[in-house]
>>> print(open('upload-v7.cif').read())   # mmCIF, C-alpha atoms
data_run
#
loop_
_atom_site.group_PDB
_atom_site.id
_atom_site.type_symbol
_atom_site.label_atom_id
_atom_site.label_comp_id
_atom_site.auth_asym_id
_atom_site.auth_seq_id
_atom_site.Cartn_x
_atom_site.Cartn_y
_atom_site.Cartn_z
ATOM 1 C CA PHE A 12 121.008 103.396 109.875
ATOM 2 C CA ASN A 13 124.489 104.014 108.601
ATOM 3 C CA GLN A 14 124.785 106.839 106.065
ATOM 4 C CA PRO A 15 128.491 107.302 105.430
ATOM 5 C CA ILE A 16 129.926 110.387 103.749
ATOM 6 C CA PHE A 17 132.488 109.435 101.117
ATOM 7 C CA CYS A 18 135.180 111.645 99.687
ATOM 8 C CA PRO A 19 134.364 112.769 96.098
ATOM 9 C CA ASN A 20 136.971 110.470 94.520
ATOM 10 C CA ALA A 21 136.257 107.389 96.641
ATOM 11 C CA THR A 22 136.844 104.033 94.924
ATOM 12 C CA TRP A 23 136.138 100.479 96.026
ATOM 13 C CA ASP A 24 138.282 97.377 95.882
ATOM 14 C CA PRO A 25 136.969 95.322 92.927
ATOM 15 C CA VAL A 26 137.401 92.111 94.936
ATOM 16 C CA GLY A 27 134.867 91.635 97.734
ATOM 17 C CA THR A 28 135.533 90.075 101.136
ATOM 18 C CA VAL A 29 133.131 87.400 102.385
ATOM 19 C CA LEU A 30 131.815 88.443 105.793
ATOM 20 C CA ILE A 31 129.167 85.722 106.171
ATOM 21 C CA GLY A 32 129.262 82.542 104.098
ATOM 22 C CA SER A 33 126.968 79.619 103.379
ATOM 23 C CA SER A 34 128.470 77.635 106.253
ATOM 24 C CA THR A 35 127.086 80.108 108.807
ATOM 25 C CA LEU A 36 123.979 81.535 107.124
ATOM 26 C CA SER A 37 121.559 79.204 105.369
ATOM 27 C CA GLY A 38 119.003 79.981 102.681
ATOM 28 C CA SER A 39 118.330 83.249 100.897
ATOM 29 C CA THR A 40 119.436 86.518 102.447
ATOM 30 C CA LEU A 41 116.894 89.135 101.401
ATOM 31 C CA THR A 42 117.970 92.082 103.555
ATOM 32 C CA ALA A 43 121.248 93.360 104.940
ATOM 33 C CA PHE A 44 121.064 96.326 107.320
ATOM 34 C CA VAL A 45 123.960 98.210 108.919
ATOM 35 C CA ASP A 46 123.276 100.375 111.976
ATOM 36 C CA THR A 47 125.200 103.418 113.176
ATOM 37 C CA PHE A 48 127.556 101.191 115.189
ATOM 38 C CA ASP A 49 128.444 99.143 112.063
ATOM 39 C CA ASN A 50 126.553 96.130 113.366
ATOM 40 C CA LEU A 51 125.152 93.966 110.588
ATOM 41 C CA TYR A 52 121.606 92.575 110.551
ATOM 42 C CA VAL A 53 120.572 89.969 107.984
ATOM 43 C CA THR A 54 117.529 87.801 107.290
ATOM 44 C CA SER A 55 117.800 84.050 106.720
ATOM 45 C CA THR A 56 114.927 82.232 105.058
ATOM 46 C CA ASP A 57 115.976 78.698 106.037
ATOM 47 C CA PHE A 58 116.623 79.554 109.691
ATOM 48 C CA GLN A 59 113.407 81.639 109.887
ATOM 49 C CA VAL A 60 115.236 84.339 111.798
ATOM 50 C CA ALA A 61 116.821 87.721 111.460
ATOM 51 C CA GLN A 62 120.331 87.724 112.861
ATOM 52 C CA LEU A 63 122.603 90.320 114.429
ATOM 53 C CA TRP A 64 126.313 90.121 113.631
ATOM 54 C CA ALA A 65 128.116 92.567 115.902
ATOM 55 C CA ASN A 66 130.831 94.694 114.343
ATOM 56 C CA GLY A 67 133.981 92.568 114.012
ATOM 57 C CA SER A 68 132.302 89.338 115.145
ATOM 58 C CA THR A 69 132.703 86.042 113.276
ATOM 59 C CA ARG A 70 129.405 84.602 114.540
ATOM 60 C CA SER A 71 125.891 85.850 115.101
ATOM 61 C CA SER A 72 125.239 87.243 118.573
ATOM 62 C CA ARG A 73 121.444 87.455 118.546
ATOM 63 C CA ASN A 74 118.515 85.881 116.705
ATOM 64 C CA PHE A 75 115.061 87.346 116.145
ATOM 65 C CA SER A 76 112.781 84.395 115.406
ATOM 66 C CA THR A 77 109.766 84.588 113.087
ATOM 67 C CA GLY A 78 109.165 80.831 112.886
ATOM 68 C CA PRO A 79 107.551 79.193 111.119
ATOM 69 C CA ASN A 80 107.766 82.123 108.668
ATOM 70 C CA ALA A 81 110.764 83.259 106.663
ATOM 71 C CA PRO A 82 111.472 86.963 107.315
ATOM 72 C CA SER A 83 112.085 89.240 104.348
ATOM 73 C CA ALA A 84 113.172 92.467 106.029
ATOM 74 C CA VAL A 85 114.791 93.918 109.135
ATOM 75 C CA PHE A 86 115.247 97.543 110.249
ATOM 76 C CA VAL A 87 116.678 99.080 113.427
ATOM 77 C CA ASP A 88 115.618 102.501 114.696
ATOM 78 C CA THR A 89 117.773 105.081 116.475
ATOM 79 C CA ASN A 90 116.679 103.770 119.885
ATOM 80 C CA GLY A 91 117.829 100.226 119.144
ATOM 81 C CA HIS A 92 114.389 98.713 118.507
ATOM 82 C CA VAL A 93 114.576 95.942 115.900
ATOM 83 C CA TYR A 94 111.692 95.557 113.432
ATOM 84 C CA VAL A 95 111.370 92.226 111.628
ATOM 85 C CA ASP A 96 108.955 91.189 108.869
ATOM 86 C CA ASN A 97 106.631 88.392 109.983
ATOM 87 C CA GLY A 98 103.927 88.834 107.380
ATOM 88 C CA GLU A 99 103.639 85.435 105.748
ATOM 89 C CA ASN A 100 100.867 82.917 106.388
ATOM 90 C CA SER A 101 98.638 83.708 109.369
ATOM 91 C CA ASN A 102 100.957 85.997 111.357
ATOM 92 C CA ARG A 103 100.494 89.008 109.057
ATOM 93 C CA ARG A 104 102.463 91.485 111.117
ATOM 94 C CA VAL A 105 105.760 93.278 111.701
ATOM 95 C CA ASP A 106 107.421 92.331 114.999
ATOM 96 C CA LYS A 107 109.217 94.856 117.194
ATOM 97 C CA TYR A 108 111.966 93.845 119.624
ATOM 98 C CA ALA A 109 113.018 96.233 122.386
ATOM 99 C CA PRO A 110 116.748 96.407 123.130
ATOM 100 C CA ASN A 111 117.906 93.228 124.912
ATOM 101 C CA SER A 112 114.418 91.706 124.721
ATOM 102 C CA THR A 113 113.676 88.297 123.235
ATOM 103 C CA THR A 114 109.901 88.761 123.196
ATOM 104 C CA PRO A 115 108.431 90.772 120.308
ATOM 105 C CA THR A 116 105.375 92.992 120.243
ATOM 106 C CA PRO A 117 103.326 93.711 117.091
ATOM 107 C CA ALA A 118 104.393 96.975 115.451
ATOM 108 C CA MET A 119 102.124 96.762 112.393
ATOM 109 C CA PHE A 120 99.508 94.401 111.037
ATOM 110 C CA VAL A 121 99.695 93.797 107.286
ATOM 111 C CA ASP A 122 98.086 91.813 104.468
ATOM 112 C CA GLY A 123 101.250 89.839 103.732
ATOM 113 C CA ARG A 124 105.026 89.987 103.911
ATOM 114 C CA CYS A 125 106.966 93.246 103.964
ATOM 115 C CA ILE A 126 109.783 92.776 101.478
ATOM 116 C CA PHE A 127 111.455 95.890 102.917
ATOM 117 C CA LEU A 128 110.970 98.051 106.016
ATOM 118 C CA PHE A 129 111.910 101.656 106.734
ATOM 119 C CA ILE A 130 111.398 104.102 109.602
ATOM 120 C CA ASP A 131 111.509 107.793 108.716
ATOM 121 C CA ALA A 132 112.624 110.777 110.798
ATOM 122 C CA SER A 133 109.114 111.063 112.269
ATOM 123 C CA ASP A 134 109.111 107.405 113.396
ATOM 124 C CA ASN A 135 106.612 106.329 110.732
ATOM 125 C CA LEU A 136 106.951 102.662 109.763
ATOM 126 C CA TYR A 137 106.906 101.851 106.037
ATOM 127 C CA CYS A 138 106.265 98.423 104.511
ATOM 128 C CA SER A 139 107.073 97.634 100.890
ATOM 129 C CA MET A 140 104.492 95.039 99.839
ATOM 130 C CA ALA A 141 105.792 93.534 96.614
ATOM 131 C CA ASP A 142 102.957 91.012 96.329
ATOM 132 C CA PHE A 143 100.393 93.817 96.547
ATOM 133 C CA HIS A 144 102.268 96.395 94.420
ATOM 134 C CA ARG A 145 102.158 99.149 97.016
ATOM 135 C CA VAL A 146 103.978 100.794 99.924
ATOM 136 C CA ASN A 147 102.092 101.147 103.235
ATOM 137 C CA ILE A 148 102.809 103.428 106.154
ATOM 138 C CA ASN A 149 101.667 102.848 109.744
ATOM 139 C CA GLN A 150 99.436 99.869 109.038
ATOM 140 C CA THR A 151 96.933 100.567 106.260
ATOM 141 C CA THR A 152 97.719 103.991 104.775
ATOM 142 C CA VAL A 153 98.983 103.576 101.210
ATOM 143 C CA VAL A 154 101.644 106.101 100.169
ATOM 144 C CA ALA A 155 102.687 104.612 96.816
ATOM 145 C CA GLY A 156 101.059 102.233 94.338
ATOM 146 C CA THR A 157 97.425 101.289 93.829
ATOM 147 C CA GLY A 158 97.407 97.620 94.769
ATOM 148 C CA THR A 159 97.346 96.623 91.096
ATOM 149 C CA SER A 160 100.500 96.093 89.042
ATOM 150 C CA GLY A 161 101.181 98.618 86.303
ATOM 151 C CA SER A 162 103.685 101.098 84.909
ATOM 152 C CA ALA A 163 101.688 104.354 85.101
ATOM 153 C CA ALA A 164 103.037 107.158 87.320
ATOM 154 C CA GLN A 165 100.735 106.206 90.199
ATOM 155 C CA MET A 166 101.386 102.445 89.920
ATOM 156 C CA LEU A 167 104.107 99.997 90.959
ATOM 157 C CA ASN A 168 104.989 96.468 89.950
ATOM 158 C CA GLY A 169 106.611 94.354 92.653
ATOM 159 C CA PRO A 170 108.249 97.165 94.689
ATOM 160 C CA ARG A 171 111.260 96.137 96.740
ATOM 161 C CA GLY A 172 113.697 98.493 98.457
ATOM 162 C CA ILE A 173 112.514 101.831 99.827
ATOM 163 C CA PHE A 174 114.248 104.857 101.299
ATOM 164 C CA VAL A 175 112.786 107.965 102.948
ATOM 165 C CA THR A 176 114.845 111.139 103.339
ATOM 166 C CA SER A 177 114.744 113.517 106.305
ATOM 167 C CA THR A 178 112.353 115.703 104.269
ATOM 168 C CA LEU A 179 110.068 112.650 103.736
ATOM 169 C CA THR A 180 110.831 112.200 100.039
ATOM 170 C CA LEU A 181 110.188 108.525 99.253
ATOM 171 C CA TYR A 182 112.316 106.469 96.844
ATOM 172 C CA VAL A 183 111.083 103.058 95.661
ATOM 173 C CA ALA A 184 112.928 100.346 93.744
ATOM 174 C CA ASP A 185 110.098 99.457 91.350
ATOM 175 C CA ALA A 186 111.599 96.097 90.484
ATOM 176 C CA PHE A 187 109.427 94.671 87.720
ATOM 177 C CA ASN A 188 109.110 98.050 86.005
ATOM 178 C CA ASP A 189 112.924 98.265 85.979
ATOM 179 C CA ARG A 190 112.955 101.779 87.399
ATOM 180 C CA ILE A 191 113.430 103.926 90.501
ATOM 181 C CA GLN A 192 110.436 106.052 91.503
ATOM 182 C CA MET A 193 110.567 109.201 93.636
ATOM 183 C CA TYR A 194 107.534 110.524 95.538
ATOM 184 C CA GLN A 195 107.330 113.957 97.100
ATOM 185 C CA PRO A 196 105.420 114.169 100.421
ATOM 186 C CA GLY A 197 101.688 113.852 99.875
ATOM 187 C CA GLN A 198 102.031 112.954 96.180
ATOM 188 C CA ARG A 199 100.736 109.651 94.795
ATOM 189 C CA ASN A 200 102.238 110.072 91.309
ATOM 190 C CA GLY A 201 105.877 109.044 91.210
ATOM 191 C CA THR A 202 108.657 110.548 89.110
ATOM 192 C CA THR A 203 110.960 108.089 87.379
ATOM 193 C CA ILE A 204 114.525 109.206 88.103
ATOM 194 C CA ILE A 205 116.450 106.177 86.759
ATOM 195 C CA GLY A 206 115.436 103.316 84.474
ATOM 196 C CA ASN A 207 112.476 102.872 82.144
ATOM 197 C CA GLY A 208 110.860 106.209 81.376
ATOM 198 C CA SER A 209 113.574 108.436 82.844
ATOM 199 C CA ALA A 210 115.818 110.962 81.151
ATOM 200 C CA VAL A 211 118.895 109.074 82.376
ATOM 201 C CA SER A 212 120.387 106.800 79.713
ATOM 202 C CA LEU A 213 120.915 103.886 82.095
ATOM 203 C CA LEU A 214 118.886 100.697 81.953
ATOM 204 C CA LEU A 215 118.034 98.766 85.094
ATOM 205 C CA SER A 216 117.072 95.118 85.384
ATOM 206 C CA ARG A 217 115.054 94.243 88.475
ATOM 207 C CA PRO A 218 116.394 96.847 90.939
ATOM 208 C CA VAL A 219 115.760 95.542 94.452
ATOM 209 C CA GLY A 220 117.513 97.965 96.790
ATOM 210 C CA ILE A 221 118.129 101.701 97.087
ATOM 211 C CA ILE A 222 119.827 103.885 99.680
ATOM 212 C CA LEU A 223 121.177 107.423 99.917
ATOM 213 C CA ASP A 224 124.526 108.115 101.531
ATOM 214 C CA GLY A 225 125.217 111.034 103.871
ATOM 215 C CA SER A 226 125.709 113.394 100.926
ATOM 216 C CA GLY A 227 122.466 112.402 99.204
ATOM 217 C CA TYR A 228 123.992 110.225 96.478
ATOM 218 C CA LEU A 229 122.027 107.181 95.337
ATOM 219 C CA PHE A 230 123.215 103.578 95.482
ATOM 220 C CA ILE A 231 121.101 100.944 93.726
ATOM 221 C CA ALA A 232 121.237 97.145 93.887
ATOM 222 C CA ASP A 233 120.524 96.229 90.239
ATOM 223 C CA ALA A 234 119.797 92.546 90.812
ATOM 224 C CA TRP A 235 119.476 90.969 87.371
ATOM 225 C CA SER A 236 122.423 92.997 86.083
ATOM 226 C CA HIS A 237 124.502 91.672 89.009
ATOM 227 C CA ARG A 238 125.869 95.062 90.002
ATOM 228 C CA ILE A 239 125.722 98.033 92.362
ATOM 229 C CA ILE A 240 125.165 101.438 90.749
ATOM 230 C CA GLY A 241 126.152 104.718 92.434
ATOM 231 C CA SER A 242 125.330 108.260 91.332
ATOM 232 C CA GLY A 243 128.197 110.692 90.931
#
>>> encode(input="upload-v7.cif", output="structure tokens")
Amino acid sequence: FNQPIFCPNATWDPVGTVLIGSSTLSGSTLTAFVDTFDNLYVTSTDFQVAQLWANGSTRSSRNFSTGPNAPSAVFVDTNGHVYVDNGENSNRRVDKYAPNSTTPTPAMFVDGRCIFLFIDASDNLYCSMADFHRVNINQTTVVAGTGTSGSAAQMLNGPRGIFVTSTLTLYVADAFNDRIQMYQPGQRNGTTIIGNGSAVSLLLSRPVGIILDGSGYLFIADAWSHRIIGSG
């Protein structure tokens, strides 16, 4: 995935540019993923596909079908394998597409949809299961959450975005607890670093995405506040 390194005084244009509009992508877009070649991958609920938009292209160049299910997440590893959520209804799996292949193979079997996917530096596959209030790794091993919603240190409530560092520290956007949780390797109790219960005087409202840039700074998609937050 793309982890840019920004200069310390980087600023962003306050007016965004539409890359993909409603005329070319139908339904809800739950995940946007940018690989190291600046190619954009998005999920489309109405089309029941994940799509690849090559860098600089004005149309999608490849579809990864999950029909009749609506995919929630897509992730691409360093070898170009594309992982797509296909967990709804009876499929209950994550599909894996080899480079230039149109036929998927099962990469993980799950209880339901993966609202977010992540592959760490050791090639472990993570699935954020919002409906089950937990994060799974490599099929059935639970690394965060108990399966029951709650706000205690070992619990999650509708987790969305996840990020795993090269040292295997796990960050979780704990959406319905309005906080970001951090888990050290092997620990089941999370530390709240931003949001409800943290020492940071910044309130979140349904955070759904989190990523670290190349310098280790956090960027959070704070959904119900309609904003992106970045750490300094």
>>> closest_residue(input="upload-v7.cif", among="A:Ala109, A:Ser76, A:Phe129, A:Phe44", to="Trp64 of chain A", atoms="all atoms listed in the file")
A:Phe44
>>> closest_residue(input="upload-v7.cif", among="A:Asp189, A:Phe143, A:Thr114, A:Gly225", to="Ser209 of chain A", atoms="all atoms listed in the file")
A:Asp189
>>> atom_distance(input="upload-v7.cif", atom1="atom CA of Thr203 of chain A", atom2="atom CA of Pro25 of chain A")
29.5 Å
>>> residues_around(input="upload-v7.cif", residues="Pro117 of chain A", least_positions_apart="6", cutoff="10 Å", atoms="only C-alpha atoms", output="number ranges by chain")
A: 94-95, 97, 102-108
>>> residues_near_point(input="upload-v7.cif", point="(117.7, 102.4, 107.2)", cutoff="9 Å", atoms="all atoms listed in the file", output="compact mmCIF listing (two decimals) with C-alpha atoms, keeping the file's coordinate frame")
# COMPACT_ATOMS: atom_id res chain seq x y z
CA PHE A 12 121.01 103.40 109.88
CA ASN A 13 124.49 104.01 108.60
CA GLN A 14 124.78 106.84 106.06
CA PHE A 44 121.06 96.33 107.32
CA VAL A 45 123.96 98.21 108.92
CA ASP A 46 123.28 100.38 111.98
CA PHE A 86 115.25 97.54 110.25
CA VAL A 87 116.68 99.08 113.43
CA ASP A 88 115.62 102.50 114.70
CA LEU A 128 110.97 98.05 106.02
CA PHE A 129 111.91 101.66 106.73
CA ILE A 130 111.40 104.10 109.60
CA ASP A 131 111.51 107.79 108.72
CA PHE A 174 114.25 104.86 101.30
CA VAL A 175 112.79 107.96 102.95
CA ILE A 222 119.83 103.88 99.68
>>> resolve_selection(input="upload-v7.cif", expression="the PyMOL selection byres ((chain A and resi 155) around 6)", output="list in words")
Arg145, Val146, Val153, Val154, Gly156 and Arg199 of chain A
>>> resolve_selection(input="upload-v7.cif", expression="the PyMOL selection byres ((chain A and resi 180) around 6)", output="list in words")
Val175, Thr176, Thr178, Leu179, Leu181, Tyr194, Gln195 and Pro196 of chain A
>>> write_last_selection(input="upload-v7.cif", atoms="C-alpha atoms", output="JSON list (two decimals), keeping the file's coordinate frame")
[["chain", "number", "residue", "atom", "x", "y", "z"],
["A", 175, "VAL", "CA", 112.79, 107.96, 102.95],
["A", 176, "THR", "CA", 114.84, 111.14, 103.34],
["A", 178, "THR", "CA", 112.35, 115.70, 104.27],
["A", 179, "LEU", "CA", 110.07, 112.65, 103.74],
["A", 181, "LEU", "CA", 110.19, 108.52, 99.25],
["A", 194, "TYR", "CA", 107.53, 110.52, 95.54],
["A", 195, "GLN", "CA", 107.33, 113.96, 97.10],
["A", 196, "PRO", "CA", 105.42, 114.17, 100.42]]
>>> closest_residue(input="upload-v7.cif", among="A:Thr116, A:Gln165, A:Ser177, A:Asn111", to="Ser133 of chain A", atoms="all atoms listed in the file")
A:Ser177
>>> decode(input="upload-v7.cif", residues="segment 24-123 of chain A", atoms="C-alpha atoms", output="CSV table (one decimal), in the first residue's frame")
chain,number,residue,atom,x,y,z
A,24,ASP,CA,-5.9,22.2,-1.3
A,25,PRO,CA,-9.3,22.8,0.6
A,26,VAL,CA,-11.2,22.1,-2.7
A,27,GLY,CA,-11.2,18.4,-3.7
A,28,THR,CA,-11.1,17.0,-7.2
A,29,VAL,CA,-13.6,14.4,-8.2
A,30,LEU,CA,-11.7,11.4,-9.5
A,31,ILE,CA,-14.7,9.0,-9.8
A,32,GLY,CA,-18.3,10.3,-9.9
A,33,SER,CA,-21.8,8.8,-9.6
A,34,SER,CA,-22.0,8.4,-13.4
A,35,THR,CA,-19.2,5.8,-13.4
A,36,LEU,CA,-19.4,4.2,-9.9
A,37,SER,CA,-22.8,3.2,-8.6
A,38,GLY,CA,-23.9,2.6,-5.0
A,39,SER,CA,-21.9,3.1,-1.8
A,40,THR,CA,-18.2,3.1,-1.9
A,41,LEU,CA,-17.0,1.5,1.4
A,42,THR,CA,-13.2,1.2,0.7
A,43,ALA,CA,-10.7,3.1,-1.3
A,44,PHE,CA,-7.2,1.6,-1.6
A,45,VAL,CA,-4.1,3.0,-3.2
A,46,ASP,CA,-1.2,0.7,-4.1
A,47,THR,CA,2.5,1.6,-4.5
A,48,PHE,CA,2.0,2.4,-8.1
A,49,ASP,CA,-0.8,4.9,-7.3
A,50,ASN,CA,-3.5,2.7,-8.8
A,51,LEU,CA,-6.9,3.1,-7.1
A,52,TYR,CA,-9.1,0.2,-6.0
A,53,VAL,CA,-12.6,0.8,-4.8
A,54,THR,CA,-15.7,-1.3,-3.9
A,55,SER,CA,-19.1,-0.7,-5.4
A,56,THR,CA,-22.2,-2.1,-3.6
A,57,ASP,CA,-24.6,-1.7,-6.5
A,58,PHE,CA,-22.2,-3.3,-9.1
A,59,GLN,CA,-21.2,-6.1,-6.7
A,60,VAL,CA,-17.6,-5.7,-7.7
A,61,ALA,CA,-14.3,-4.2,-6.6
A,62,GLN,CA,-12.8,-2.1,-9.3
A,63,LEU,CA,-9.3,-1.1,-10.3
A,64,TRP,CA,-8.7,2.4,-11.7
A,65,ALA,CA,-5.2,2.5,-13.1
A,66,ASN,CA,-3.2,5.6,-12.3
A,67,GLY,CA,-4.3,8.4,-14.6
A,68,SER,CA,-7.2,6.4,-16.1
A,69,THR,CA,-10.7,7.9,-16.5
A,70,ARG,CA,-12.4,4.4,-16.5
A,71,SER,CA,-12.0,1.2,-14.6
A,72,SER,CA,-9.6,-1.3,-16.1
A,73,ARG,CA,-10.5,-4.4,-14.1
A,74,ASN,CA,-13.4,-5.8,-12.1
A,75,PHE,CA,-13.3,-8.3,-9.3
A,76,SER,CA,-16.8,-9.7,-9.0
A,77,THR,CA,-18.4,-10.9,-5.8
A,78,GLY,CA,-21.9,-11.3,-7.1
A,79,PRO,CA,-24.5,-11.6,-5.8
A,80,ASN,CA,-22.8,-10.0,-2.8
A,81,ALA,CA,-21.8,-6.4,-2.2
A,82,PRO,CA,-18.1,-6.3,-1.3
A,83,SER,CA,-17.1,-4.1,1.7
A,84,ALA,CA,-13.3,-4.2,1.4
A,85,VAL,CA,-10.3,-4.6,-0.9
A,86,PHE,CA,-6.6,-4.9,-0.2
A,87,VAL,CA,-3.6,-5.5,-2.5
A,88,ASP,CA,-0.4,-7.2,-1.3
A,89,THR,CA,3.2,-6.4,-2.4
A,90,ASN,CA,3.0,-9.2,-5.0
A,91,GLY,CA,-0.1,-7.8,-6.7
A,92,HIS,CA,-2.6,-10.3,-5.2
A,93,VAL,CA,-6.0,-8.6,-4.8
A,94,TYR,CA,-8.1,-9.6,-1.7
A,95,VAL,CA,-11.8,-8.8,-1.9
A,96,ASP,CA,-14.5,-9.2,0.8
A,97,ASN,CA,-17.1,-11.8,-0.2
A,98,GLY,CA,-18.5,-12.5,3.3
A,99,GLU,CA,-22.2,-11.8,3.0
A,100,ASN,CA,-24.9,-14.4,2.7
A,101,SER,CA,-23.7,-18.0,2.0
A,102,ASN,CA,-20.3,-17.2,0.5
A,103,ARG,CA,-18.6,-16.3,3.8
A,104,ARG,CA,-15.1,-15.9,2.6
A,105,VAL,CA,-12.4,-13.5,1.4
A,106,ASP,CA,-11.5,-14.0,-2.3
A,107,LYS,CA,-7.9,-13.8,-3.6
A,108,TYR,CA,-7.1,-12.9,-7.2
A,109,ALA,CA,-3.6,-13.6,-8.6
A,110,PRO,CA,-2.2,-11.0,-10.9
A,111,ASN,CA,-3.9,-11.0,-14.2
A,112,SER,CA,-6.3,-13.7,-13.1
A,113,THR,CA,-10.1,-13.5,-13.3
A,114,THR,CA,-10.7,-16.6,-11.2
A,115,PRO,CA,-10.5,-16.2,-7.4
A,116,THR,CA,-9.4,-18.7,-4.8
A,117,PRO,CA,-10.6,-18.6,-1.1
A,118,ALA,CA,-8.1,-16.8,1.1
A,119,MET,CA,-10.1,-16.9,4.3
A,120,PHE,CA,-13.4,-18.3,5.5
A,121,VAL,CA,-15.4,-16.0,7.8
A,122,ASP,CA,-18.6,-15.7,9.7
A,123,GLY,CA,-19.8,-12.7,7.7
